[in-house]
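J.: Below is the structure I would like to discuss, written out as structure tokens.
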Amino acid sequence: MALNQWELTLLDRLADAFHCGFLDAVMPALTFLGDGGWFWILLACLLLLRKPTRRMGLTVGLALLLSLLVGNIILKPLVARIRPFDLNEAIQLLIPPPGDFSFPSGHTQASFAAATAIYCYHKRAGRWCLALAALIGFSRLYLYAHYPSDVLAGLVIGVALGAAAYRLSQLIFLKSL
């Protein structure tokens, strides 16, 4: 509980420092990009359409599948961490309350998994995707949907899964040549 209290205090300080009308409108839109990974799934599908980016699209799809398996199917039920807004009922959410557990942040994890996979193929585009992933992760804190450690874990696990997907795809494509 001490960890939760420290993290709730940090979330409250973030709210005090950053909350304003402009960000109250922008952050739900940013977090929406991570809902169910739809933005990254769409990007993977678009990458699959062109032969020069097909391998990257497959890798992004693999990274997202790994993220779903590790984050949503294994870790969230295993850790079963309640969300910060459940502990601080004074918070008025700007988004519908998520119905699953808090650890790790699935939005952050999927975003960093996809962005890392893209970065492995194309550094410039990957940097933009990593920046977007970071904004999505920050939106989860701003919206009081996750603890800082949820977002940090999502970042670390996402990067690892994106890199693993890249390595796996390299092995798969090497064997298919």
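All residue names refer to the structure tokens as shown: chains lettered A, B, ... in order, residues numbered from 1 in each chain, ligands numbered from 1 in order.
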Hey, what's within 12 Å of Asp86 (chain A) if we count only C-alpha atoms and toss same-chain stuff fewer than 6 positions away? As a PDB file with C-alpha atoms, in the first residue's frame, please?
T.:
```
ATOM      1  CA  ASN A   4       0.331   2.909  -4.073  1.00  0.00           C
ATOM      2  CA  LEU A   8      -1.022   8.401  -5.913  1.00  0.00           C
ATOM      3  CA  GLN A  92     -13.317  12.865 -12.016  1.00  0.00           C
ATOM      4  CA  LEU A  93     -12.305  10.736 -14.965  1.00  0.00           C
ATOM      5  CA  PRO A  97     -13.273   3.818 -16.547  1.00  0.00           C
ATOM      6  CA  PRO A  98     -11.254   0.896 -17.914  1.00  0.00           C
ATOM      7  CA  GLY A  99     -12.650  -2.432 -16.774  1.00  0.00           C
ATOM      8  CA  ASP A 100      -9.453  -4.469 -16.552  1.00  0.00           C
ATOM      9  CA  PHE A 101      -6.548  -4.394 -14.116  1.00  0.00           C
ATOM     10  CA  SER A 102      -3.895  -1.698 -14.024  1.00  0.00           C
ATOM     11  CA  TYR A 144      -5.408   8.842 -13.660  1.00  0.00           C
ATOM     12  CA  ALA A 145      -5.890   5.472 -15.382  1.00  0.00           C
ATOM     13  CA  HIS A 146      -2.498   4.045 -14.309  1.00  0.00           C
ATOM     14  CA  TYR A 147       0.153   4.339 -11.665  1.00  0.00           C
TER      15      TYR A 147
END
```
J.: Any idea what's packed within 7 Å of region 116-121 of chain A, counting only C-alpha atoms, ignoring anything in its chain fewer than 3 positions away? Could you give it as a PyMOL selection string?
T.: chain A and resi 56+59-60+63+112-113+125-127+130+159+162-163+165-166
J.: My list of candidates is A:Ile136, A:Leu143, A:Leu66, A:Met27. Which is closest to Gly158 (chain A) when distances are computed with only C-alpha atoms?
T.: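 Comparing A:Ile136, A:Leu143, A:Leu66, A:Met27 against Gly158 (chain A), the winner is A:Leu66.
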J.: Counting only C-alpha atoms, figure out which residue out of A:Arg50, A:Ala134, A:Lys76, A:Leu141 gets nearest to Ala15 (chain A).
T.: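 Among A:Arg50, A:Ala134, A:Lys76, A:Leu141, it is A:Leu141 that comes nearest to Ala15 (chain A).
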J.: Using only C-alpha atoms, which protein or nucleic acid residues come within 8 Å of Ala153 (chain A)? Drop anything in the same chain fewer than 5 positions from it, and give the result as an NGL selection string.
T.: :A and (103-105 or 109)
J.: Give the helix (DSSP H, G or I) residues of region 5-131 of chain A, as assigned by DSSP on the backbone, as a PyMOL selection string.
T.: chain A and resi 5-18+21-49+51-79+84-87+106-121+123-131
J.: Let me make sure I understand: among A:Trp40, A:Pro52, A:Asp150, A:Ala25, which one has the smallest atom-to-atom distance to Arg81 (chain A) if we use only C-alpha atoms?
T.: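 With only C-alpha atoms as the atom set, the closest residue is A:Asp150.
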